[in-house]
$ cat upload.txt   # compact mmCIF, C-alpha atoms and all ligand atoms
# COMPACT_ATOMS: atom_id res chain seq x y z
CA MET C 246 -21.47 -8.09 3.20
CA LYS C 247 -18.87 -9.67 0.97
CA ILE C 248 -15.84 -7.78 -0.33
CA LEU C 249 -13.53 -8.89 -3.14
CA VAL C 250 -9.98 -7.95 -2.14
CA CYS C 251 -7.66 -7.94 -5.16
CA GLY C 252 -4.09 -8.23 -3.96
CA GLY C 253 -5.35 -9.29 -0.54
CA ALA C 254 -2.22 -11.35 0.22
CA GLY C 255 0.05 -8.32 -0.19
CA TYR C 256 1.36 -6.06 2.54
CA ILE C 257 -1.47 -3.51 2.80
CA GLY C 258 -4.06 -5.99 1.54
CA SER C 259 -3.36 -8.58 4.24
CA HIS C 260 -3.58 -6.02 7.05
CA THR C 261 -6.83 -4.72 5.57
CA ILE C 262 -8.28 -8.24 5.48
CA LEU C 263 -7.92 -8.43 9.28
CA GLU C 264 -9.64 -5.07 9.77
CA LEU C 265 -12.47 -6.07 7.42
CA LEU C 266 -12.99 -9.34 9.31
CA SER C 267 -13.00 -7.43 12.63
CA ALA C 268 -15.70 -5.19 11.19
CA ASP C 269 -17.76 -8.30 10.26
CA TYR C 270 -17.27 -8.19 6.50
CA GLU C 271 -16.86 -11.42 4.56
CA VAL C 272 -13.82 -11.40 2.29
CA VAL C 273 -12.55 -13.19 -0.81
CA ILE C 274 -8.91 -12.73 -1.83
CA ALA C 275 -7.71 -12.68 -5.45
CA ASP C 276 -3.93 -12.70 -5.82
CA ASN C 277 -1.29 -14.01 -8.21
CA PHE C 278 1.31 -14.14 -5.39
CA SER C 279 3.81 -12.31 -7.61
CA ASN C 280 4.98 -10.30 -4.60
CA SER C 281 3.41 -12.38 -1.80
CA CYS C 282 2.73 -16.04 -1.04
CA PRO C 283 -0.09 -18.38 0.06
CA GLU C 284 1.48 -18.63 3.54
CA VAL C 285 0.09 -15.12 4.16
CA ILE C 286 -3.42 -16.52 3.95
CA LYS C 287 -2.59 -19.28 6.43
CA ARG C 288 -1.31 -16.64 8.84
CA LEU C 289 -4.43 -14.51 8.36
CA GLU C 290 -6.56 -17.55 9.12
CA LYS C 291 -4.48 -18.26 12.23
CA ILE C 292 -4.81 -14.68 13.56
CA SER C 293 -8.50 -14.31 12.74
CA GLY C 294 -9.67 -17.86 13.41
CA THR C 295 -11.62 -17.59 10.13
CA SER C 296 -11.34 -19.59 6.93
CA ILE C 297 -10.56 -17.18 4.06
CA PRO C 298 -11.49 -18.14 0.49
CA TYR C 299 -8.97 -17.17 -2.17
CA ALA C 300 -8.37 -17.54 -5.89
CA GLU C 301 -4.94 -17.51 -7.51
CA GLY C 302 -4.73 -15.80 -10.88
CA ASP C 303 -3.85 -12.74 -12.94
CA LEU C 304 -6.18 -9.78 -13.03
CA ASP C 305 -4.98 -8.89 -16.51
CA ASP C 306 -6.90 -12.00 -17.61
CA GLN C 307 -10.53 -10.94 -18.03
CA SER C 308 -11.84 -14.49 -17.86
CA PHE C 309 -10.18 -14.96 -14.46
CA VAL C 310 -11.82 -11.79 -13.14
CA ASP C 311 -15.24 -12.77 -14.52
CA GLN C 312 -14.83 -16.15 -12.92
CA LEU C 313 -14.19 -14.51 -9.53
CA PHE C 314 -17.52 -12.71 -9.68
CA GLU C 315 -19.33 -15.79 -10.95
CA GLN C 316 -17.91 -18.22 -8.42
CA TYR C 317 -17.57 -16.08 -5.27
CA GLY C 318 -19.99 -13.14 -5.80
CA PRO C 319 -22.16 -11.23 -5.43
CA PHE C 320 -19.82 -8.63 -3.97
CA GLU C 321 -20.87 -5.48 -2.16
CA ALA C 322 -17.58 -3.85 -3.14
CA VAL C 323 -14.11 -4.43 -4.54
CA ILE C 324 -10.91 -3.20 -2.90
CA HIS C 325 -8.16 -3.14 -5.51
CA PHE C 326 -4.63 -3.34 -4.08
CA ALA C 327 -3.05 -5.50 -6.78
CA ALA C 328 -0.30 -3.66 -8.62
CA LEU C 329 3.40 -3.40 -9.29
CA LYS C 330 4.58 -0.69 -6.91
CA ALA C 331 8.29 0.12 -6.92
CA VAL C 332 9.03 3.66 -8.04
CA GLY C 333 12.62 2.96 -9.16
CA GLU C 334 11.75 -0.26 -10.98
CA SER C 335 8.91 1.48 -12.81
CA CYS C 336 11.42 3.84 -14.44
CA LEU C 337 13.31 0.81 -15.78
CA LYS C 338 10.24 -1.24 -16.78
CA PRO C 339 7.53 1.23 -17.85
CA ILE C 340 5.78 -1.18 -20.23
CA GLU C 341 5.40 -3.86 -17.56
CA TYR C 342 4.09 -1.27 -15.13
CA TYR C 343 1.56 0.23 -17.51
CA LYS C 344 0.34 -3.14 -18.81
CA ASN C 345 -0.05 -4.70 -15.39
CA ASN C 346 -1.44 -1.72 -13.49
CA LEU C 347 -3.85 -0.43 -16.12
CA ILE C 348 -5.29 -3.59 -17.65
CA SER C 349 -6.09 -5.14 -14.27
CA THR C 350 -8.18 -2.12 -13.26
CA LEU C 351 -10.07 -2.06 -16.58
CA ASN C 352 -10.81 -5.77 -16.23
CA ILE C 353 -12.11 -5.33 -12.69
CA LEU C 354 -14.35 -2.44 -13.77
CA ASP C 355 -15.63 -4.45 -16.71
CA SER C 356 -16.52 -7.42 -14.49
CA MET C 357 -18.12 -5.11 -11.91
CA ARG C 358 -20.32 -3.70 -14.66
CA LYS C 359 -21.26 -7.16 -15.94
CA PHE C 360 -22.08 -8.50 -12.49
CA GLY C 361 -23.77 -5.42 -11.02
CA CYS C 362 -21.18 -4.45 -8.39
CA HIS C 363 -21.08 -0.66 -7.93
CA LYS C 364 -18.45 0.15 -5.32
CA ILE C 365 -14.68 0.16 -5.54
CA ILE C 366 -11.87 1.38 -3.31
CA TYR C 367 -8.73 1.94 -5.31
CA SER C 368 -5.21 1.89 -3.78
CA SER C 369 -3.71 5.14 -4.90
CA SER C 370 -0.67 6.91 -3.60
CA ALA C 371 0.98 10.16 -2.59
CA THR C 372 3.12 9.63 -5.65
CA VAL C 373 0.23 10.96 -7.83
CA TYR C 374 1.09 14.46 -6.63
CA GLY C 375 4.56 14.40 -8.19
CA GLU C 376 6.92 17.13 -6.98
CA PRO C 377 4.63 19.15 -4.71
CA GLU C 378 4.66 22.97 -4.78
CA HIS C 379 3.13 23.25 -1.31
CA LEU C 380 3.21 21.04 1.76
CA PRO C 381 1.17 19.44 3.18
CA ILE C 382 -0.51 18.22 0.00
CA ALA C 383 -4.30 18.52 -0.11
CA GLU C 384 -6.42 16.52 -2.56
CA SER C 385 -7.55 19.73 -4.27
CA VAL C 386 -4.13 20.36 -5.88
CA GLY C 387 -4.83 17.87 -8.69
CA THR C 388 -2.71 15.07 -10.08
CA SER C 389 -1.22 15.72 -13.47
CA SER C 390 2.50 15.35 -12.88
CA ALA C 391 3.84 12.14 -11.28
CA THR C 392 7.62 11.79 -11.63
CA ASN C 393 7.63 8.08 -12.60
CA PRO C 394 5.57 5.49 -14.58
CA TYR C 395 4.30 3.87 -11.38
CA GLY C 396 2.80 7.18 -10.30
CA GLN C 397 1.44 7.83 -13.80
CA SER C 398 -0.29 4.44 -13.74
CA LYS C 399 -2.02 5.48 -10.50
CA ILE C 400 -3.14 8.78 -12.03
CA ILE C 401 -4.51 7.06 -15.13
CA ASN C 402 -6.37 4.48 -13.03
CA GLU C 403 -7.95 7.24 -10.99
CA ARG C 404 -9.05 8.82 -14.27
CA PHE C 405 -10.66 5.53 -15.37
CA LEU C 406 -12.72 5.57 -12.17
CA GLU C 407 -13.66 9.22 -12.53
CA ASP C 408 -14.78 8.77 -16.13
CA TYR C 409 -16.73 5.63 -15.37
CA ALA C 410 -18.45 7.38 -12.46
CA LYS C 411 -19.65 10.01 -14.94
CA ALA C 412 -21.07 7.30 -17.21
CA ASP C 413 -22.81 5.19 -14.52
CA PRO C 414 -24.90 7.09 -11.94
CA GLU C 415 -24.89 4.07 -9.59
CA PHE C 416 -21.09 3.85 -9.45
CA ILE C 417 -19.22 4.82 -6.25
CA ALA C 418 -15.42 4.94 -6.22
CA THR C 419 -12.89 6.10 -3.67
CA ALA C 420 -9.21 6.48 -4.49
CA LEU C 421 -7.26 6.36 -1.24
CA ARG C 422 -3.96 8.17 -1.70
CA TYR C 423 -1.57 6.58 0.72
CA ALA C 424 1.43 7.93 2.54
CA ASN C 425 4.30 5.41 2.86
CA PRO C 426 3.11 2.45 4.93
CA LEU C 427 5.34 0.97 7.64
CA GLY C 428 5.06 -1.46 10.51
CA ALA C 429 3.18 -4.71 10.88
CA HIS C 430 0.31 -6.31 12.74
CA GLU C 431 0.99 -6.51 16.49
CA SER C 432 0.94 -10.33 16.35
CA GLY C 433 4.18 -10.31 14.32
CA GLU C 434 2.55 -12.98 12.09
CA ILE C 435 2.17 -10.78 9.01
CA GLY C 436 4.33 -7.96 7.72
CA GLU C 437 6.08 -6.59 4.67
CA GLU C 438 8.12 -9.19 2.81
CA PRO C 439 8.88 -8.20 -0.77
CA ASN C 440 10.39 -10.81 -3.10
CA GLY C 441 14.09 -10.27 -3.66
CA ILE C 442 16.05 -7.29 -2.38
CA PRO C 443 13.62 -4.72 -0.96
CA GLY C 444 13.14 -1.54 -2.99
CA ASN C 445 11.59 0.45 -0.14
CA LEU C 446 13.44 2.05 2.72
CA VAL C 447 12.19 0.32 5.86
CA PRO C 448 12.01 -3.24 4.48
CA TYR C 449 15.62 -2.71 3.40
CA ILE C 450 16.66 -1.39 6.83
CA ALA C 451 14.86 -4.33 8.46
CA LYS C 452 17.00 -6.73 6.41
CA VAL C 453 20.14 -4.89 7.51
CA ALA C 454 18.95 -5.07 11.13
CA VAL C 455 18.35 -8.81 10.91
CA GLY C 456 21.75 -9.38 9.31
CA LYS C 457 20.58 -10.38 5.81
CA LEU C 458 21.97 -7.27 4.14
CA ASP C 459 25.20 -5.52 4.93
CA HIS C 460 24.30 -1.83 5.04
CA LEU C 461 21.69 0.67 3.88
CA ASN C 462 22.38 2.62 0.69
CA ILE C 463 21.06 6.15 1.17
CA PHE C 464 19.97 7.52 -2.19
CA GLY C 465 21.20 11.09 -2.01
CA ASP C 466 22.21 13.37 0.86
CA ASP C 467 22.07 16.54 -1.21
CA TYR C 468 18.32 17.17 -1.28
CA PRO C 469 17.10 20.58 -0.10
CA THR C 470 16.03 19.14 3.28
CA PRO C 471 17.57 19.79 6.75
CA ASP C 472 19.83 16.69 6.69
CA GLY C 473 19.98 16.35 2.89
CA THR C 474 18.04 13.08 2.69
CA GLY C 475 14.56 12.49 1.29
CA ARG C 476 11.59 13.07 3.59
CA ARG C 477 8.29 11.16 3.44
CA ASP C 478 5.01 10.85 5.30
CA TYR C 479 5.16 7.41 6.97
CA ILE C 480 2.00 5.77 8.28
CA HIS C 481 1.38 2.57 10.23
CA VAL C 482 -0.07 -0.09 7.93
CA VAL C 483 -2.78 -0.88 10.49
CA ASP C 484 -3.89 2.77 10.45
CA LEU C 485 -4.01 2.54 6.67
CA ALA C 486 -6.02 -0.70 6.83
CA LYS C 487 -8.55 0.93 9.17
CA GLY C 488 -8.91 3.76 6.66
CA HIS C 489 -10.38 1.27 4.17
CA VAL C 490 -13.07 0.15 6.57
CA ALA C 491 -13.93 3.80 7.24
CA ALA C 492 -14.02 4.47 3.48
CA LEU C 493 -16.43 1.57 2.86
CA ALA C 494 -18.87 3.07 5.37
CA GLU C 495 -18.59 6.53 3.82
CA MET C 496 -19.44 5.11 0.38
CA ASN C 497 -22.97 4.41 1.61
CA THR C 498 -23.55 8.16 1.83
CA ARG C 499 -22.83 9.31 -1.74
CA LYS C 500 -22.37 8.37 -5.41
CA GLY C 501 -19.56 9.14 -7.83
CA PHE C 502 -15.78 9.41 -7.51
CA ASP C 503 -13.80 10.88 -4.66
CA ALA C 504 -10.11 10.88 -3.72
CA ILE C 505 -8.97 10.99 -0.11
CA ASN C 506 -5.48 11.18 1.41
CA LEU C 507 -4.51 8.71 4.14
CA GLY C 508 -1.46 10.23 5.78
CA THR C 509 -0.23 11.73 9.02
CA GLY C 510 0.52 15.31 8.00
CA ARG C 511 4.25 15.19 8.82
CA SER C 512 7.47 13.82 7.30
CA TYR C 513 10.66 12.08 8.47
CA SER C 514 14.05 11.92 6.77
CA VAL C 515 15.98 8.78 5.84
CA PHE C 516 18.46 9.51 8.64
CA GLU C 517 15.65 9.95 11.18
CA ILE C 518 14.19 6.59 10.18
CA LEU C 519 17.59 4.86 10.26
CA ASN C 520 18.46 6.30 13.69
CA CYS C 521 15.10 5.37 15.17
CA TYR C 522 15.40 1.83 13.75
CA SER C 523 18.88 1.54 15.27
CA GLU C 524 17.42 2.42 18.69
CA VAL C 525 14.57 -0.06 18.29
CA CYS C 526 16.79 -2.99 17.23
CA GLY C 527 19.56 -2.07 19.68
CA ARG C 528 22.39 -1.81 17.13
CA LYS C 529 23.83 1.09 15.15
CA LEU C 530 22.95 0.20 11.57
CA PRO C 531 25.60 0.92 8.90
CA TYR C 532 24.94 2.98 5.77
CA GLU C 533 26.65 4.37 2.68
CA ILE C 534 25.68 7.48 0.74
CA LYS C 535 24.88 6.81 -2.92
CA ALA C 536 23.60 8.84 -5.87
CA ARG C 537 19.98 9.99 -5.98
CA ARG C 538 17.50 7.40 -7.25
CA PRO C 539 15.70 8.24 -10.53
CA GLY C 540 12.10 9.37 -10.03
CA ASP C 541 12.59 10.41 -6.38
CA ILE C 542 11.55 13.75 -4.91
CA ALA C 543 12.91 15.67 -1.92
CA GLU C 544 9.87 15.62 0.33
CA ASN C 545 6.18 14.93 0.56
CA TYR C 546 3.59 14.75 3.27
CA LEU C 547 -0.15 14.64 3.03
CA ASP C 548 -2.86 16.85 4.46
CA PRO C 549 -5.16 14.37 6.27
CA THR C 550 -7.97 16.88 6.95
CA LYS C 551 -10.40 15.46 4.38
CA ALA C 552 -10.07 11.93 5.78
CA LYS C 553 -10.85 13.25 9.25
CA GLU C 554 -13.88 15.18 8.05
CA LYS C 555 -15.33 12.62 5.62
CA LEU C 556 -14.20 9.29 7.07
CA ASN C 557 -13.86 10.25 10.74
CA TRP C 558 -10.40 8.67 10.47
CA THR C 559 -7.06 9.81 11.88
CA ALA C 560 -3.75 7.93 12.06
CA GLN C 561 -3.10 6.70 15.63
CA TYR C 562 0.43 5.25 15.69
CA ASP C 563 3.70 7.18 15.90
CA LEU C 564 7.01 6.47 14.13
CA ARG C 565 8.57 4.59 17.03
CA ARG C 566 5.60 2.19 17.17
CA MET C 567 5.78 1.68 13.39
CA LEU C 568 9.43 0.69 13.59
CA GLU C 569 8.96 -1.45 16.74
CA ASP C 570 6.26 -3.39 14.90
CA SER C 571 8.48 -3.70 11.82
CA TRP C 572 11.29 -5.08 13.97
CA HIS C 573 8.93 -7.42 15.85
CA TRP C 574 7.79 -8.91 12.52
CA GLN C 575 11.28 -9.09 10.99
CA SER C 576 13.06 -10.51 14.05
CA LYS C 577 10.32 -13.12 14.52
CA ASN C 578 10.48 -14.01 10.80
CA PRO C 579 14.08 -13.45 9.64
CA ASP C 580 13.32 -15.29 6.39
CA GLY C 581 9.88 -13.74 6.03
CA TYR C 582 7.06 -16.14 5.30
CA THR C 583 9.51 -18.97 4.69
CA SER C 584 10.93 -18.76 8.22
CA PRO C 585 10.87 -22.20 9.87
CA ALA C 586 7.87 -22.92 12.08
CA ASP C 587 9.90 -22.99 15.31
CA SER C 588 11.00 -19.38 14.85
CA LYS C 589 7.43 -18.07 14.38
N1 LIG C 601 15.64 5.25 0.18
C1 LIG C 601 17.00 5.07 0.43
N2 LIG C 601 17.50 3.81 0.33
C2 LIG C 601 16.75 2.73 0.01
C3 LIG C 601 15.38 2.91 -0.25
C4 LIG C 601 14.85 4.20 -0.16
O1 LIG C 601 17.70 6.03 0.72
O2 LIG C 601 17.31 1.60 -0.06
C5 LIG C 601 15.05 6.60 0.32
C6 LIG C 601 14.42 7.12 -0.96
O3 LIG C 601 15.37 7.75 -1.77
C7 LIG C 601 13.35 8.06 -0.39
C8 LIG C 601 12.92 7.38 0.92
O4 LIG C 601 14.00 6.51 1.25
O5 LIG C 601 13.90 9.30 -0.06
C9 LIG C 601 11.65 6.56 0.77
O6 LIG C 601 11.80 5.65 -0.30
P1 LIG C 601 10.83 4.40 -0.48
O7 LIG C 601 11.32 3.62 -1.65
O8 LIG C 601 10.67 3.67 0.80
O9 LIG C 601 9.42 5.07 -0.77
P2 LIG C 601 8.94 6.03 -1.95
O10 LIG C 601 8.55 7.32 -1.29
O11 LIG C 601 9.89 6.10 -3.07
O12 LIG C 601 7.66 5.26 -2.49
C10 LIG C 601 6.71 4.71 -1.60
C11 LIG C 601 6.05 3.51 -2.27
C12 LIG C 601 5.22 3.98 -3.38
C13 LIG C 601 4.31 5.07 -2.96
C14 LIG C 601 5.04 6.20 -2.29
C15 LIG C 601 4.07 7.21 -1.71
O13 LIG C 601 7.03 2.58 -2.73
O14 LIG C 601 4.46 2.85 -3.81
O15 LIG C 601 5.79 5.67 -1.22
O16 LIG C 601 4.74 8.32 -1.19
F1 LIG C 601 3.68 5.60 -4.03

$ encode --input "upload.txt" --output "structure tokens"
Amino acid sequence: MKILVCGGAGYIGSHTILELLSADYEVVIADNFSNSCPEVIKRLEKISGTSIPYAEGDLDDQSFVDQLFEQYGPFEAVIHFAALKAVGESCLKPIEYYKNNLISTLNILDSMRKFGCHKIIYSSSATVYGEPEHLPIAESVGTSSATNPYGQSKIINERFLEDYAKADPEFIATALRYANPLGAHESGEIGEEPNGIPGNLVPYIAKVAVGKLDHLNIFGDDYPTPDGTGRRDYIHVVDLAKGHVAALAEMNTRKGFDAINLGTGRSYSVFEILNCYSEVCGRKLPYEIKARRPGDIAENYLDPTKAKEKLNWTAQYDLRRMLEDSWHWQSKNPDGYTSPADSK
């Protein structure tokens, strides 16, 4: 069965490609490499020993998306990872975020309709829950109040899927609401490598650890949490990738839209992450306390019960393993995917 993976060269997408191939799916990647690069695909081919077809282009161009279905289809399902994803940046560039993240999803749905593809897994996020009233967050609380345009774009995309599922009885959609992914594939060949200065916590710490950045800026130590820093539910990216394979199987058992959390059910603070990373890389990593970042919340962590019940999926890896795998990837590839061949 062939799966179209939009954003398949990105961080979560690339790890999911490996899990799909292990589960005997065929894959086609569509990516514009705006926050990734073609070298990722070479690495995926090296790890898997499989040739992976890919098309470079923008999903906000309907003719490109139609062409994907025409040239590489038919597809059993689409997994849609492709999006702009930095919470802070989205507050500064809301138009770019809404245009990119909404139009691409509408184009994919339109092409799916034209070419008779009925299944989609959509990359959603814990950010759709906004500032939670209760922890852990269960899917049943609803999603009307994200604190930033990035999160709003995820909520609106979920609504597109829900509405389309009401209009087309054949349609099956799963929004997977992710906790914060960390870590890397055990090979150290693929990992998280954002363009420019990382916006997320652990990629930033990894750059400090490898000596590319001077110190971590901690955005606020006055949150109502035990050590004053923000707390999040962190999940190994390979666990997350496996959740997609489990979700594809579950979509054979029902129709319509569903939303499922992929998280661990616990949170860690910025200081806990920094201290654990210092242990893993063998050096006390420097930091400075800065003002809170716009759009941030104090704490979130997801209730993973529904994923266990419906997908038979539970996260396997602990924080230490996530950070060991992050460090393995970063120390083996200090310049990311452009690291010279002899350091790989
Ligand atoms: N943080 C710092 N310094 C940094 C970066 C982050 O102190 O340089 C702090 C943040 O303030 C926050 C925590 O580290 O308290 C985590 O921040 P991230 O940027 O790593 O992650 P977010 O929780 O803001 O967002 C991430 C993804 C989103 C996703 C969300 C789901 O970027 O795409 O997790 O919870 F929606």

$ atom_distance --input "upload.txt" --atom1 "atom CA of C:Asp466" --atom2 "atom CA of C:Tyr532"
11.8 Å

$ closest_atom_pairs --input "upload.txt" --of "chain C" --to "ligand LIG 601 (chain C)" --cutoff "9 Å" --atoms "all atoms listed in the file" --output "JSON lines"
{"residue": "C:Leu329", "atom": "CA", "partner": "C:LIG601", "partner_atom": "O14", "distance": 8.4}
{"residue": "C:Lys330", "atom": "CA", "partner": "C:LIG601", "partner_atom": "O14", "distance": 4.7}
{"residue": "C:Ala331", "atom": "CA", "partner": "C:LIG601", "partner_atom": "O13", "distance": 5.0}
{"residue": "C:Val332", "atom": "CA", "partner": "C:LIG601", "partner_atom": "O11", "distance": 5.6}
{"residue": "C:Gly333", "atom": "CA", "partner": "C:LIG601", "partner_atom": "O11", "distance": 7.4}
{"residue": "C:Ser369", "atom": "CA", "partner": "C:LIG601", "partner_atom": "F1", "distance": 7.5}
{"residue": "C:Ser370", "atom": "CA", "partner": "C:LIG601", "partner_atom": "F1", "distance": 4.6}
{"residue": "C:Ala371", "atom": "CA", "partner": "C:LIG601", "partner_atom": "C15", "distance": 4.4}
{"residue": "C:Thr372", "atom": "CA", "partner": "C:LIG601", "partner_atom": "F1", "distance": 4.4}
{"residue": "C:Val373", "atom": "CA", "partner": "C:LIG601", "partner_atom": "F1", "distance": 7.4}
{"residue": "C:Tyr374", "atom": "CA", "partner": "C:LIG601", "partner_atom": "O16", "distance": 9.0}
{"residue": "C:Tyr395", "atom": "CA", "partner": "C:LIG601", "partner_atom": "F1", "distance": 7.6}
{"residue": "C:Gly396", "atom": "CA", "partner": "C:LIG601", "partner_atom": "F1", "distance": 6.5}
{"residue": "C:Lys399", "atom": "CA", "partner": "C:LIG601", "partner_atom": "F1", "distance": 8.6}
{"residue": "C:Arg422", "atom": "CA", "partner": "C:LIG601", "partner_atom": "C15", "distance": 8.1}
{"residue": "C:Tyr423", "atom": "CA", "partner": "C:LIG601", "partner_atom": "C15", "distance": 6.2}
{"residue": "C:Ala424", "atom": "CA", "partner": "C:LIG601", "partner_atom": "O16", "distance": 5.0}
{"residue": "C:Asn425", "atom": "CA", "partner": "C:LIG601", "partner_atom": "O15", "distance": 4.4}
{"residue": "C:Pro426", "atom": "CA", "partner": "C:LIG601", "partner_atom": "O15", "distance": 7.4}
{"residue": "C:Pro443", "atom": "CA", "partner": "C:LIG601", "partner_atom": "O2", "distance": 7.4}
{"residue": "C:Gly444", "atom": "CA", "partner": "C:LIG601", "partner_atom": "O7", "distance": 5.6}
{"residue": "C:Asn445", "atom": "CA", "partner": "C:LIG601", "partner_atom": "O8", "distance": 3.5}
{"residue": "C:Leu446", "atom": "CA", "partner": "C:LIG601", "partner_atom": "C3", "distance": 3.7}
{"residue": "C:Val447", "atom": "CA", "partner": "C:LIG601", "partner_atom": "O8", "distance": 6.3}
{"residue": "C:Pro448", "atom": "CA", "partner": "C:LIG601", "partner_atom": "O8", "distance": 7.9}
{"residue": "C:Tyr449", "atom": "CA", "partner": "C:LIG601", "partner_atom": "O2", "distance": 5.8}
{"residue": "C:Ile450", "atom": "CA", "partner": "C:LIG601", "partner_atom": "O2", "distance": 7.5}
{"residue": "C:Leu461", "atom": "CA", "partner": "C:LIG601", "partner_atom": "O2", "distance": 6.0}
{"residue": "C:Asn462", "atom": "CA", "partner": "C:LIG601", "partner_atom": "N2", "distance": 5.0}
{"residue": "C:Ile463", "atom": "CA", "partner": "C:LIG601", "partner_atom": "O1", "distance": 3.4}
{"residue": "C:Phe464", "atom": "CA", "partner": "C:LIG601", "partner_atom": "O1", "distance": 4.0}
{"residue": "C:Gly465", "atom": "CA", "partner": "C:LIG601", "partner_atom": "O3", "distance": 6.7}
{"residue": "C:Asp466", "atom": "CA", "partner": "C:LIG601", "partner_atom": "O1", "distance": 8.6}
{"residue": "C:Thr474", "atom": "CA", "partner": "C:LIG601", "partner_atom": "O5", "distance": 6.2}
{"residue": "C:Gly475", "atom": "CA", "partner": "C:LIG601", "partner_atom": "O5", "distance": 3.5}
{"residue": "C:Arg476", "atom": "CA", "partner": "C:LIG601", "partner_atom": "O5", "distance": 5.7}
{"residue": "C:Arg477", "atom": "CA", "partner": "C:LIG601", "partner_atom": "O10", "distance": 6.1}
{"residue": "C:Asp478", "atom": "CA", "partner": "C:LIG601", "partner_atom": "O16", "distance": 7.0}
{"residue": "C:Tyr479", "atom": "CA", "partner": "C:LIG601", "partner_atom": "O16", "distance": 8.2}
{"residue": "C:Ser514", "atom": "CA", "partner": "C:LIG601", "partner_atom": "O5", "distance": 7.3}
{"residue": "C:Val515", "atom": "CA", "partner": "C:LIG601", "partner_atom": "O4", "distance": 5.5}
{"residue": "C:Phe516", "atom": "CA", "partner": "C:LIG601", "partner_atom": "O1", "distance": 8.7}
{"residue": "C:Ile518", "atom": "CA", "partner": "C:LIG601", "partner_atom": "O4", "distance": 8.9}
{"residue": "C:Ile534", "atom": "CA", "partner": "C:LIG601", "partner_atom": "O1", "distance": 8.1}
{"residue": "C:Lys535", "atom": "CA", "partner": "C:LIG601", "partner_atom": "O1", "distance": 8.1}
{"residue": "C:Arg537", "atom": "CA", "partner": "C:LIG601", "partner_atom": "O3", "distance": 6.6}
{"residue": "C:Arg538", "atom": "CA", "partner": "C:LIG601", "partner_atom": "O3", "distance": 5.9}
{"residue": "C:Pro539", "atom": "CA", "partner": "C:LIG601", "partner_atom": "O3", "distance": 8.8}
{"residue": "C:Gly540", "atom": "CA", "partner": "C:LIG601", "partner_atom": "O11", "distance": 8.0}
{"residue": "C:Asp541", "atom": "CA", "partner": "C:LIG601", "partner_atom": "O3", "distance": 6.0}
{"residue": "C:Ile542", "atom": "CA", "partner": "C:LIG601", "partner_atom": "O5", "distance": 7.0}
{"residue": "C:Ala543", "atom": "CA", "partner": "C:LIG601", "partner_atom": "O5", "distance": 6.7}
{"residue": "C:Glu544", "atom": "CA", "partner": "C:LIG601", "partner_atom": "O5", "distance": 7.5}
{"residue": "C:Asn545", "atom": "CA", "partner": "C:LIG601", "partner_atom": "O16", "distance": 7.0}
{"residue": "C:Tyr546", "atom": "CA", "partner": "C:LIG601", "partner_atom": "O16", "distance": 7.9}

$ write_last_selection --input "upload.txt" --atoms "C-alpha atoms" --output "CSV table (one decimal), in the frame of the given file"
chain,number,residue,atom,x,y,z
C,329,LEU,CA,3.4,-3.4,-9.3
C,330,LYS,CA,4.6,-0.7,-6.9
C,331,ALA,CA,8.3,0.1,-6.9
C,332,VAL,CA,9.0,3.7,-8.0
C,333,GLY,CA,12.6,3.0,-9.2
C,369,SER,CA,-3.7,5.1,-4.9
C,370,SER,CA,-0.7,6.9,-3.6
C,371,ALA,CA,1.0,10.2,-2.6
C,372,THR,CA,3.1,9.6,-5.6
C,373,VAL,CA,0.2,11.0,-7.8
C,374,TYR,CA,1.1,14.5,-6.6
C,395,TYR,CA,4.3,3.9,-11.4
C,396,GLY,CA,2.8,7.2,-10.3
C,399,LYS,CA,-2.0,5.5,-10.5
C,422,ARG,CA,-4.0,8.2,-1.7
C,423,TYR,CA,-1.6,6.6,0.7
C,424,ALA,CA,1.4,7.9,2.5
C,425,ASN,CA,4.3,5.4,2.9
C,426,PRO,CA,3.1,2.4,4.9
C,443,PRO,CA,13.6,-4.7,-1.0
C,444,GLY,CA,13.1,-1.5,-3.0
C,445,ASN,CA,11.6,0.4,-0.1
C,446,LEU,CA,13.4,2.0,2.7
C,447,VAL,CA,12.2,0.3,5.9
C,448,PRO,CA,12.0,-3.2,4.5
C,449,TYR,CA,15.6,-2.7,3.4
C,450,ILE,CA,16.7,-1.4,6.8
C,461,LEU,CA,21.7,0.7,3.9
C,462,ASN,CA,22.4,2.6,0.7
C,463,ILE,CA,21.1,6.2,1.2
C,464,PHE,CA,20.0,7.5,-2.2
C,465,GLY,CA,21.2,11.1,-2.0
C,466,ASP,CA,22.2,13.4,0.9
C,474,THR,CA,18.0,13.1,2.7
C,475,GLY,CA,14.6,12.5,1.3
C,476,ARG,CA,11.6,13.1,3.6
C,477,ARG,CA,8.3,11.2,3.4
C,478,ASP,CA,5.0,10.8,5.3
C,479,TYR,CA,5.2,7.4,7.0
C,514,SER,CA,14.0,11.9,6.8
C,515,VAL,CA,16.0,8.8,5.8
C,516,PHE,CA,18.5,9.5,8.6
C,518,ILE,CA,14.2,6.6,10.2
C,534,ILE,CA,25.7,7.5,0.7
C,535,LYS,CA,24.9,6.8,-2.9
C,537,ARG,CA,20.0,10.0,-6.0
C,538,ARG,CA,17.5,7.4,-7.2
C,539,PRO,CA,15.7,8.2,-10.5
C,540,GLY,CA,12.1,9.4,-10.0
C,541,ASP,CA,12.6,10.4,-6.4
C,542,ILE,CA,11.6,13.8,-4.9
C,543,ALA,CA,12.9,15.7,-1.9
C,544,GLU,CA,9.9,15.6,0.3
C,545,ASN,CA,6.2,14.9,0.6
C,546,TYR,CA,3.6,14.8,3.3

$ closest_residue --input "upload.txt" --among "C:Leu249, C:Glu407, C:Ala327, C:Ala418" --to "C:Ser356" --atoms "only C-alpha atoms"
C:Leu249
